[in-house]
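Step one of this worksheet: look at the structure below.
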Amino acid sequence: MIRVTAPGRVNLIGEYTDVIDGRVLPMAIDLAVTIEGERGGDVVELHSADETKPAVVALDVVDPAAASPSWARYVAGVVAELRPRVGFTGTVRTTLPIGAGLSSSAALEVAVALALGFEGSSADLAALCRRAEQRASGVPCGIMDQLASAAGRAGHALLIDCHTLEVTPMPVPEGIEVRVVHSGQPRSLADSAYAERAAALAAAAEVLGPLRLLDGADHQALATALDRIDDDTVRARARHVVTENARVPALAAALGTGDLTTVGDLMAASHRSMRDDFEISTPVIDALVDRLAATPGVHGVRLTGAGFGGCVVALTEPGVLDEGWAVRPSAGASVTET
Ligand code: GLA
């Protein structure tokens, strides 16, 4: 029997910066998708306790986006990218909330690819699963979610350079609790809005060149560069990713030295940038962030993930919040055969 576990992720900072091949700081979490079963046959057939219908995917599937039921699209995306020679029959279960912005689909893709026998580096695994996600959902996502699930390290967040795919594990100090709190808002508009944000960033890059090369810490020089963009909305979208890209290594460094005031300031600045420049927050999420930020013992809090609903992430003293999930930085996906 083959047993695969692939974790979800929470992003500490660096939202939509993977779209410009910039930097992100996610961590794999101790909520995961698990697949158990056997290889063989000429279909991939997975049954899930959370879904009424199984995913049954032919090995020669051509249009993953048309697969049904809807969760089968992600399985089909992986099959179409991997083209395994033999199928698989088994079960899927998850401790990850589905559609909450904790990358349940990326975890499913990574788990399916490994169950089907993928061999290679975690960067190659993530790249394949990113393509699968894009084919399944039509969303032009970056590589962060799949790479966090594939390359997670227990006790560490991952500083990822999405241009080189270099992953640098950064210890999360023992005394810091990472808490994920759901806003209660489903992420229903996220797909079309995601594509619209990616298009705005591509338009900005037409004027300015690769946005990851701009220095988001030099505010004067950045303002001068951004002035070359005529469209107010495109300019604001670019300002978010360029300043966010600078906040990622700054947060990683502040976590490393235990400078929790700076951690909180950077998370607050990131949230404001997502709220005002990137416009991916909502009034409900803003109110949640404000309430948690004002709670004693909360070091920092911000929206996490693609936005338009979903979760916020808070770094806190242990035990000060009792809502949401306390998540631990966890190892990446793994396979056992018995
Ligand atoms: C989604 C995408 C990622 C990333 C985040 C926003 O999770 O799949 O690639 O862009 O949104 O940071």
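Chain labels A, B, ... are given in the sequence in which chains occur in the structure tokens; within each chain residues are numbered consecutively from 1, and ligands are likewise numbered from 1 in the order shown.
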Problem set entry | Polymer residues at most 7 Å from region 96-98 of chain A, only C-alpha atoms, same-chain spacing of 6 or more positions, as a count of residues only | 5
Problem set entry | Test item: residues lying within 6 Å of ligand 1 with only C-alpha atoms and all ligand atoms, as a ChimeraX atom specification | /A:15-16,18-19,141-145,305-306
Exercise. Which polymer residues have any atom within 10 Å of an atom of region 58-67 of chain A, counting only C-alpha atoms, with same-chain residues fewer than 3 positions away left out, as a PyMOL selection string?
Worked result: chain A and resi 41-45+55+70-88+132-138
Take the residues from that selection and put them in a file with N, CA and C atoms, as a compact mmCIF listing (two decimals), in the first residue's frame.
```
# COMPACT_ATOMS: atom_id res chain seq x y z
N GLY A 41 -4.12 -0.62 -12.81
CA GLY A 41 -5.30 -0.30 -13.62
C GLY A 41 -5.03 0.85 -14.57
N ASP A 42 -6.08 1.25 -15.30
CA ASP A 42 -5.88 2.32 -16.28
C ASP A 42 -6.74 3.55 -16.01
N VAL A 43 -7.18 3.71 -14.75
CA VAL A 43 -7.80 4.97 -14.33
C VAL A 43 -7.23 5.35 -12.96
N VAL A 44 -7.40 6.62 -12.62
CA VAL A 44 -7.11 7.06 -11.25
C VAL A 44 -8.47 7.27 -10.59
N GLU A 45 -8.73 6.47 -9.55
CA GLU A 45 -10.03 6.51 -8.89
C GLU A 45 -9.83 6.78 -7.41
N ALA A 55 -13.61 10.84 -7.65
CA ALA A 55 -12.91 11.33 -8.85
C ALA A 55 -12.44 10.11 -9.61
N SER A 70 -16.31 18.59 -9.28
CA SER A 70 -15.33 19.66 -9.46
C SER A 70 -13.97 19.35 -8.82
N TRP A 71 -13.95 18.57 -7.72
CA TRP A 71 -12.64 18.28 -7.12
C TRP A 71 -11.81 17.36 -8.00
N ALA A 72 -12.47 16.63 -8.92
CA ALA A 72 -11.74 15.76 -9.83
C ALA A 72 -10.88 16.54 -10.82
N ARG A 73 -11.19 17.86 -10.99
CA ARG A 73 -10.38 18.66 -11.91
C ARG A 73 -8.91 18.68 -11.50
N TYR A 74 -8.67 18.75 -10.17
CA TYR A 74 -7.28 18.83 -9.69
C TYR A 74 -6.56 17.50 -9.89
N VAL A 75 -7.29 16.41 -9.67
CA VAL A 75 -6.72 15.09 -9.92
C VAL A 75 -6.40 14.97 -11.42
N ALA A 76 -7.35 15.39 -12.26
CA ALA A 76 -7.18 15.30 -13.70
C ALA A 76 -6.02 16.19 -14.18
N GLY A 77 -5.87 17.36 -13.56
CA GLY A 77 -4.76 18.25 -13.92
C GLY A 77 -3.42 17.57 -13.70
N VAL A 78 -3.30 16.87 -12.59
CA VAL A 78 -2.03 16.18 -12.29
C VAL A 78 -1.83 15.02 -13.26
N VAL A 79 -2.89 14.27 -13.51
CA VAL A 79 -2.77 13.14 -14.45
C VAL A 79 -2.34 13.66 -15.83
N ALA A 80 -2.93 14.77 -16.28
CA ALA A 80 -2.60 15.31 -17.60
C ALA A 80 -1.16 15.81 -17.67
N GLU A 81 -0.64 16.33 -16.56
CA GLU A 81 0.74 16.82 -16.56
C GLU A 81 1.76 15.69 -16.37
N LEU A 82 1.38 14.69 -15.56
CA LEU A 82 2.35 13.64 -15.20
C LEU A 82 2.34 12.49 -16.20
N ARG A 83 1.16 12.22 -16.78
CA ARG A 83 0.97 11.07 -17.67
C ARG A 83 1.58 9.79 -17.10
N PRO A 84 1.05 9.33 -15.95
CA PRO A 84 1.56 8.07 -15.38
C PRO A 84 1.18 6.91 -16.29
N ARG A 85 1.99 5.85 -16.24
CA ARG A 85 1.70 4.68 -17.09
C ARG A 85 0.63 3.80 -16.48
N VAL A 86 0.54 3.79 -15.15
CA VAL A 86 -0.52 3.00 -14.50
C VAL A 86 -1.36 3.89 -13.62
N GLY A 87 -2.58 3.45 -13.35
CA GLY A 87 -3.52 4.21 -12.55
C GLY A 87 -3.32 3.99 -11.07
N PHE A 88 -4.36 4.31 -10.30
CA PHE A 88 -4.29 4.25 -8.84
C PHE A 88 -5.71 4.17 -8.32
N ALA A 132 -0.69 21.89 -13.18
CA ALA A 132 -1.94 21.14 -13.02
C ALA A 132 -3.04 22.04 -12.48
N GLU A 133 -2.70 22.85 -11.49
CA GLU A 133 -3.68 23.78 -10.90
C GLU A 133 -4.18 24.76 -11.96
N GLN A 134 -3.25 25.29 -12.75
CA GLN A 134 -3.64 26.26 -13.78
C GLN A 134 -4.57 25.62 -14.80
N ARG A 135 -4.26 24.38 -15.20
CA ARG A 135 -5.13 23.70 -16.18
C ARG A 135 -6.47 23.35 -15.57
N ALA A 136 -6.48 22.99 -14.29
CA ALA A 136 -7.72 22.56 -13.64
C ALA A 136 -8.65 23.74 -13.39
N SER A 137 -8.08 24.85 -12.94
CA SER A 137 -8.90 25.96 -12.45
C SER A 137 -8.95 27.14 -13.41
N GLY A 138 -7.98 27.22 -14.32
CA GLY A 138 -7.89 28.38 -15.20
C GLY A 138 -7.31 29.61 -14.51
```
Problem set entry | Test item: residues at most 10 Å from Arg228 (chain A), only C-alpha atoms, excluding those fewer than 5 positions along its chain, as a ChimeraX atom specification | /A:204,207-208,223,235
Write a file of the selected residues as a CSV table (one decimal), in the first residue's frame, keeping C-alpha atoms.
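Result went into part09.csv, see below:
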```
chain,number,residue,atom,x,y,z
A,204,ALA,CA,3.0,47.3,-15.1
A,207,VAL,CA,6.3,49.7,-18.7
A,208,LEU,CA,8.8,49.0,-15.9
A,223,ALA,CA,7.6,56.6,-6.6
A,235,ARG,CA,0.2,51.7,-10.5
```
For this session: List every residue of region 260-314 of chain A that DSSP, applied to the backbone of this structure, places in helix (DSSP H, G or I), and write the result as a list of chain:residue names.
Result: A:Leu260, A:Thr261, A:Thr262, A:Val263, A:Gly264, A:Asp265, A:Leu266, A:Met267, A:Ala268, A:Ala269, A:Ser270, A:His271, A:Arg272, A:Ser273, A:Met274, A:Arg275, A:Asp276, A:Pro283, A:Val284, A:Ile285, A:Asp286, A:Ala287, A:Leu288, A:Val289, A:Asp290, A:Arg291, A:Leu292, A:Ala293
For this session: Write out as a VMD selection string the residues lying within 6 Å of region 149-155 of chain A, counting only C-alpha atoms and excluding same-chain residues fewer than 6 positions away.
Result: chain A and resid 7 to 8 28 122 171 to 172 329 to 333
Selection to disk with N, CA and C atoms, as a compact mmCIF listing (two decimals), in the first residue's frame:
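The result, written out as part.txt:
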```txt
# COMPACT_ATOMS: atom_id res chain seq x y z
N PRO A 7 0.96 18.55 3.07
CA PRO A 7 0.40 19.59 3.93
C PRO A 7 -0.16 20.78 3.15
N GLY A 8 -1.07 21.49 3.79
CA GLY A 8 -1.45 22.82 3.32
C GLY A 8 -0.39 23.82 3.74
N ALA A 28 4.63 25.28 5.53
CA ALA A 28 3.73 24.13 5.48
C ALA A 28 3.17 23.94 6.89
N SER A 122 11.72 18.72 -5.23
CA SER A 122 10.49 19.37 -4.78
C SER A 122 10.16 20.56 -5.68
N PRO A 171 13.98 29.34 10.80
CA PRO A 171 13.33 28.82 12.01
C PRO A 171 12.23 29.76 12.50
N VAL A 172 11.10 29.19 12.88
CA VAL A 172 10.04 29.97 13.54
C VAL A 172 10.29 29.80 15.04
N PRO A 329 4.64 24.87 12.03
CA PRO A 329 5.44 24.73 10.80
C PRO A 329 5.86 23.28 10.64
N SER A 330 5.53 22.70 9.50
CA SER A 330 5.61 21.24 9.35
C SER A 330 6.45 20.81 8.15
N ALA A 331 6.77 19.53 8.15
CA ALA A 331 7.52 18.95 7.04
C ALA A 331 6.67 18.94 5.77
N GLY A 332 7.33 18.85 4.65
CA GLY A 332 6.63 18.80 3.37
C GLY A 332 6.07 17.41 3.09
N ALA A 333 5.57 17.24 1.89
CA ALA A 333 4.89 16.00 1.52
C ALA A 333 5.82 14.80 1.64
```
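Pairwise distance (CA of Gly90 (chain A), CA of Thr52 (chain A)) equals 15.0 Å.
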Problem set entry | Residue neighbourhood region 334-337 of chain A, 10 Å, only C-alpha atoms, exclusion window fewer than 5 positions, as an NGL selection string | :A and (1-7 or 34-38 or 110-111 or 114-115 or 117 or 149-151)
For this session: Write out as a VMD selection string each polymer residue whose atoms come within 12 Å of Leu292 (chain A), counting only C-alpha atoms; drop sequence neighbours fewer than 2 positions from it.
Result: chain A and resid 179 to 181 183 264 268 285 to 290 294 to 303 312 to 316 320 to 324
Take the residues from that selection and put them in a file with N, CA and C atoms, as a compact mmCIF listing (two decimals), in the first residue's frame.
```
# COMPACT_ATOMS: atom_id res chain seq x y z
N ARG A 179 -1.30 31.46 14.30
CA ARG A 179 -2.73 31.15 14.38
C ARG A 179 -3.43 31.63 13.10
N VAL A 180 -4.27 30.78 12.59
CA VAL A 180 -5.01 31.08 11.37
C VAL A 180 -6.48 31.21 11.76
N VAL A 181 -7.07 32.33 11.41
CA VAL A 181 -8.47 32.56 11.78
C VAL A 181 -9.27 32.83 10.51
N SER A 183 -12.23 34.22 8.26
CA SER A 183 -13.09 35.40 8.32
C SER A 183 -14.57 35.05 8.27
N GLY A 264 5.53 42.88 13.71
CA GLY A 264 4.16 43.41 13.73
C GLY A 264 3.98 44.58 12.78
N ALA A 268 1.48 44.66 9.56
CA ALA A 268 0.46 45.72 9.45
C ALA A 268 0.61 46.46 8.12
N ILE A 285 -12.77 41.22 6.75
CA ILE A 285 -11.39 40.85 7.07
C ILE A 285 -10.67 42.02 7.76
N ASP A 286 -10.90 43.24 7.27
CA ASP A 286 -10.25 44.40 7.91
C ASP A 286 -10.66 44.50 9.38
N ALA A 287 -11.94 44.28 9.66
CA ALA A 287 -12.42 44.37 11.05
C ALA A 287 -11.79 43.26 11.90
N LEU A 288 -11.65 42.07 11.33
CA LEU A 288 -11.02 40.96 12.06
C LEU A 288 -9.56 41.27 12.35
N VAL A 289 -8.86 41.79 11.34
CA VAL A 289 -7.44 42.14 11.52
C VAL A 289 -7.30 43.22 12.61
N ASP A 290 -8.16 44.22 12.57
CA ASP A 290 -8.09 45.30 13.57
C ASP A 290 -8.35 44.75 14.98
N ALA A 294 -5.47 44.43 18.07
CA ALA A 294 -5.64 45.16 19.33
C ALA A 294 -5.65 44.22 20.54
N THR A 295 -5.53 42.91 20.30
CA THR A 295 -5.57 41.94 21.41
C THR A 295 -4.18 41.83 22.04
N PRO A 296 -4.06 41.99 23.36
CA PRO A 296 -2.74 41.88 24.00
C PRO A 296 -2.10 40.52 23.71
N GLY A 297 -0.81 40.53 23.39
CA GLY A 297 -0.09 39.29 23.10
C GLY A 297 -0.06 38.94 21.63
N VAL A 298 -0.80 39.71 20.79
CA VAL A 298 -0.72 39.50 19.34
C VAL A 298 0.41 40.37 18.79
N HIS A 299 1.42 39.73 18.20
CA HIS A 299 2.56 40.49 17.66
C HIS A 299 2.22 41.11 16.32
N GLY A 300 1.50 40.38 15.47
CA GLY A 300 1.19 40.89 14.14
C GLY A 300 0.09 40.07 13.51
N VAL A 301 -0.64 40.69 12.59
CA VAL A 301 -1.75 39.98 11.93
C VAL A 301 -2.00 40.59 10.56
N ARG A 302 -2.37 39.76 9.61
CA ARG A 302 -2.63 40.23 8.25
C ARG A 302 -3.48 39.18 7.51
N LEU A 303 -4.12 39.64 6.45
CA LEU A 303 -4.76 38.72 5.52
C LEU A 303 -3.71 37.77 4.96
N VAL A 312 -7.08 35.05 7.97
CA VAL A 312 -5.99 35.92 8.39
C VAL A 312 -5.00 35.07 9.17
N VAL A 313 -3.73 35.53 9.21
CA VAL A 313 -2.71 34.84 10.00
C VAL A 313 -2.22 35.80 11.07
N ALA A 314 -2.10 35.27 12.29
CA ALA A 314 -1.60 36.07 13.40
C ALA A 314 -0.40 35.37 14.03
N LEU A 315 0.63 36.14 14.36
CA LEU A 315 1.76 35.63 15.15
C LEU A 315 1.55 36.17 16.56
N THR A 316 1.53 35.25 17.54
CA THR A 316 1.12 35.65 18.88
C THR A 316 2.00 35.00 19.95
N VAL A 320 -2.86 33.12 23.48
CA VAL A 320 -3.65 34.34 23.70
C VAL A 320 -4.93 34.40 22.87
N LEU A 321 -4.99 33.63 21.78
CA LEU A 321 -6.23 33.60 20.98
C LEU A 321 -6.83 32.20 21.10
N ASP A 322 -8.15 32.15 21.19
CA ASP A 322 -8.76 30.81 21.24
C ASP A 322 -9.65 30.55 20.02
N GLU A 323 -9.57 31.43 19.02
CA GLU A 323 -10.36 31.19 17.80
C GLU A 323 -9.43 30.72 16.69
N GLY A 324 -9.99 30.03 15.72
CA GLY A 324 -9.19 29.56 14.59
C GLY A 324 -8.34 28.36 14.95
```
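Using only C-alpha atoms, the nearest neighbour of Leu214 (chain A) within the list A:Arg239, A:Arg197, A:Arg187, A:Arg130 is A:Arg239.
Among A:Ser103, A:Val242, A:Arg237, A:Glu317, the residue with the shortest atom-to-atom distance to Leu222 (chain A), counting only C-alpha atoms, is A:Val242.
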Seminar exercise, completed: Using only C-alpha atoms, the residue out of A:Pro249, A:Ala193, A:Leu128, A:Arg9 with shortest distance to Glu109 (chain A) is A:Leu128
Seminar exercise, completed: Of A:Ile280, A:Ala127, A:Val57, A:Ala106, the one nearest to Glu196 (chain A) when counting only C-alpha atoms is A:Ile280
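If you look at CA of Met27 (chain A) and CA of Leu12 (chain A), they are 7.4 Å away from each other.
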